[in-house]
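Okay, so here's the structure we're looking at.
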Amino acid sequence: MPTINRIMLNAGHYSNYYNQGANTAYYESAMAWKLQGFLKTELERYGFEVDTTRTDINTNPAPYDRGYSAGDYDLYISLHSNAIDNSPSTRRVVVIHSYDNFNNSSVLGTKLCKNISRGMDIPGEYQLYSLKSEYGNYEAYLELRGARAAGCPLYYILEHGFHTNYGVSTWLLSDEHLQKLARIEAYTIGQYAGRKHKKGDINGNGMVDQSDVNEIMIMTENLLYGEPDDQRMTADMTFDGYVDYSDQAMAQNIVNGTYIFPYNV
Ligand SMILES: [Zn+2]
């Protein structure tokens with residue numbers, strides 16, 4: 001498993017009006033740009049160094065060049081939503097990784113597709129996918145081909161469901177939902193890279209126990225006094241950005257053995 005310190009993010013496409021969804025207010029390019037901003041913030045909270053392939057939503061580098069810009073980075077993540085394959089009822093999350101499972105890319109790829117589908121309220125509707133060029137031993141997807149050629153060890157395209165589905169495109173229109181997705185994706189990458197404790201494990205002993213529940217309870221009562229960021233992130237089990245009773249209840253249910261936290265895949 002490659003060490004991950006530096007991450008290059010790519011918001012797919014350009015401008016605010018590219019690839020309209022089934023909900024006609026939705027555009028893939030606008031969603032990807034917003035999600036990129038949220039994800040950069042969340043990844044930086046895990047201590048990663050994060051850059052983006054472009055700083056202006058209206059610029060449109062070629063896909064190969066976007067990937068190629070990840071040469072000095074440990075991970076390339078490209079943000080998209082998908083278009084129709086067979087039916088407007090298709091919703092699933094698709095994560096595209098290297099065609100030859102380079103550096104065991106399927107490991108993080110599988111975690112990402114499971115957690116993104118759960119975060120989008122379509123748990124289990126996911127697919128880990130890859131495609132080799134029909135012309136030789138290289139990636140069919142130009143972004144991924146560029147990242148590989150530049151020497152980036154891990155690279156993915158995240159397709160956040162099919163925007164040709166009305167429910168998916170409507171779900172993705174919410175900033176609150178995109179922020180939650182960013183927190184989930186950052187947590188998934190952070191756990192893979194060995195950053196910070198598992199959700200709920202405030203005391204860092206490797207499990208959620210009664211002392212963690214008690215700590216979370218104190219945090220919910222002392223919000224104004226600002227616990228350290230690390231602790232608040234660990235306590236926010238519902239990924240909503242707050243430490244509140246729902247987090248405490250979830251941790252208590254884990255201690256009681258009535259709930260298994262689903263994001264530690
Ligand atoms: Zn796209």
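FYI, nothing fancy with the structure tokens labels: chains A, B, ... in order, residues from 1 per chain, ligands from 1 as they appear.
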
Please produce, as a Markdown table, a per-residue contact table for chain A versus ligand 1 (criterion: any atom at most 10 Å away, only C-alpha atoms and all ligand atoms considered), showing the nearest atom pair and its distance in Å to one decimal, sorted by chain then residue number.
| residue | atom | partner | partner_atom_place_in_ligand_line | distance |
| --- | --- | --- | --- | --- |
| A:Ala11 | CA | ligand 1 | 1 (Zn) | 8.8 |
| A:Gly12 | CA | ligand 1 | 1 (Zn) | 5.4 |
| A:His13 | CA | ligand 1 | 1 (Zn) | 6.3 |
| A:Tyr14 | CA | ligand 1 | 1 (Zn) | 9.8 |
| A:Tyr18 | CA | ligand 1 | 1 (Zn) | 8.9 |
| A:Asn19 | CA | ligand 1 | 1 (Zn) | 7.7 |
| A:Glu28 | CA | ligand 1 | 1 (Zn) | 6.6 |
| A:Ser29 | CA | ligand 1 | 1 (Zn) | 7.5 |
| A:Ala32 | CA | ligand 1 | 1 (Zn) | 8.6 |
| A:Ser78 | CA | ligand 1 | 1 (Zn) | 9.0 |
| A:Leu79 | CA | ligand 1 | 1 (Zn) | 7.5 |
| A:His80 | CA | ligand 1 | 1 (Zn) | 4.4 |
| A:Ser81 | CA | ligand 1 | 1 (Zn) | 5.5 |
| A:Asn82 | CA | ligand 1 | 1 (Zn) | 6.1 |
| A:Ala83 | CA | ligand 1 | 1 (Zn) | 7.9 |
| A:Ile157 | CA | ligand 1 | 1 (Zn) | 9.0 |
| A:Leu158 | CA | ligand 1 | 1 (Zn) | 9.2 |
| A:Glu159 | CA | ligand 1 | 1 (Zn) | 7.4 |
| A:His160 | CA | ligand 1 | 1 (Zn) | 9.5 |
| A:His163 | CA | ligand 1 | 1 (Zn) | 9.8 |

Can I get the selection written as an mmCIF file, in the first residue's frame, with C-alpha atoms?
data_model
loop_
_atom_site.group_PDB
_atom_site.id
_atom_site.type_symbol
_atom_site.label_atom_id
_atom_site.label_comp_id
_atom_site.auth_asym_id
_atom_site.auth_seq_id
_atom_site.Cartn_x
_atom_site.Cartn_y
_atom_site.Cartn_z
ATOM 1 C CA ALA A 11 -13.495 18.291 -10.672
ATOM 2 C CA GLY A 12 -14.767 16.681 -13.871
ATOM 3 C CA HIS A 13 -15.632 18.832 -16.932
ATOM 4 C CA TYR A 14 -15.866 22.653 -16.818
ATOM 5 C CA TYR A 18 -22.125 20.726 -18.533
ATOM 6 C CA ASN A 19 -24.045 17.441 -18.505
ATOM 7 C CA GLU A 28 -22.458 17.467 -13.334
ATOM 8 C CA SER A 29 -19.736 20.112 -13.692
ATOM 9 C CA ALA A 32 -18.082 18.239 -9.164
ATOM 10 C CA SER A 78 -11.504 12.636 -10.127
ATOM 11 C CA LEU A 79 -15.075 13.634 -9.304
ATOM 12 C CA HIS A 80 -17.970 12.942 -11.675
ATOM 13 C CA SER A 81 -21.506 11.650 -11.921
ATOM 14 C CA ASN A 82 -22.497 9.072 -14.497
ATOM 15 C CA ALA A 83 -24.852 9.045 -17.475
ATOM 16 C CA ILE A 157 -12.612 8.203 -11.037
ATOM 17 C CA LEU A 158 -15.569 8.460 -8.642
ATOM 18 C CA GLU A 159 -18.926 8.403 -10.415
ATOM 19 C CA HIS A 160 -21.431 9.606 -7.815
ATOM 20 C CA HIS A 163 -27.421 11.765 -12.898
#

All strand (DSSP E) positions in segment 16-171 of chain A, as a list of chain:residue names: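 Checking each residue of segment 16-171 of chain A, the strand (DSSP E) ones are A:Glu49, A:Val50, A:Asp51, A:Thr52, A:Leu75, A:Tyr76, A:Ile77, A:Ser78, A:Leu79, A:His80, A:Ser81, A:Asn82, A:Val93, A:Val94, A:Val95, A:Ile96, A:Tyr126, A:Gln127, A:Leu128, A:Tyr129, A:Tyr155, A:Tyr156, A:Ile157, A:Leu158, A:Glu159, A:His160, A:Gly161, A:Phe162.
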
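Take the candidates A:Ile218, A:Met8, A:Val208, A:Met237 and check each one against Pro153 of chain A using only C-alpha atoms; the shortest distance goes to A:Met8.
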
Asn5 of chain A surroundings by only C-alpha atoms, 9 Å radius, close-in-sequence under 2 positions cut, as number ranges by chain: A: 3, 7, 47-50, 73-75, 193

Kindly save the residues from that selection, with N, CA and C atoms included, as a JSON list (two decimals), in the first residue's frame.
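The resulting file, out_27.json, is reproduced below:
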[["chain", "number", "residue", "atom", "x", "y", "z"],
["A", 3, "THR", "N", 2.19, 4.97, 0.56],
["A", 3, "THR", "CA", 1.94, 6.01, 1.57],
["A", 3, "THR", "C", 1.21, 7.17, 0.90],
["A", 7, "ILE", "N", -2.39, 14.69, -2.33],
["A", 7, "ILE", "CA", -3.55, 14.27, -3.12],
["A", 7, "ILE", "C", -3.90, 15.33, -4.16],
["A", 47, "GLY", "N", -4.85, 16.06, 7.54],
["A", 47, "GLY", "CA", -3.42, 16.31, 7.41],
["A", 47, "GLY", "C", -2.84, 16.08, 6.03],
["A", 48, "PHE", "N", -3.71, 15.80, 5.04],
["A", 48, "PHE", "CA", -3.20, 15.62, 3.69],
["A", 48, "PHE", "C", -2.90, 16.97, 3.06],
["A", 49, "GLU", "N", -1.94, 16.95, 2.14],
["A", 49, "GLU", "CA", -1.67, 18.13, 1.31],
["A", 49, "GLU", "C", -2.49, 17.96, 0.03],
["A", 50, "VAL", "N", -3.35, 18.91, -0.26],
["A", 50, "VAL", "CA", -4.32, 18.71, -1.35],
["A", 50, "VAL", "C", -4.23, 19.84, -2.37],
["A", 73, "TYR", "N", 2.11, 13.40, -6.97],
["A", 73, "TYR", "CA", 1.11, 13.15, -5.92],
["A", 73, "TYR", "C", 0.98, 11.64, -5.67],
["A", 74, "ASP", "N", 0.46, 11.32, -4.49],
["A", 74, "ASP", "CA", 0.33, 9.92, -4.09],
["A", 74, "ASP", "C", -1.04, 9.35, -4.47],
["A", 75, "LEU", "N", -1.98, 10.25, -4.78],
["A", 75, "LEU", "CA", -3.35, 9.80, -5.05],
["A", 75, "LEU", "C", -4.02, 10.84, -5.95],
["A", 193, "ALA", "N", -5.25, 5.42, 4.80],
["A", 193, "ALA", "CA", -3.89, 5.94, 4.93],
["A", 193, "ALA", "C", -3.39, 5.93, 6.38]]

DSSP-assigned helix (DSSP H, G or I) members of segment 19-59 of chain A, reported as a VMD selection string: chain A and resid 28 to 45
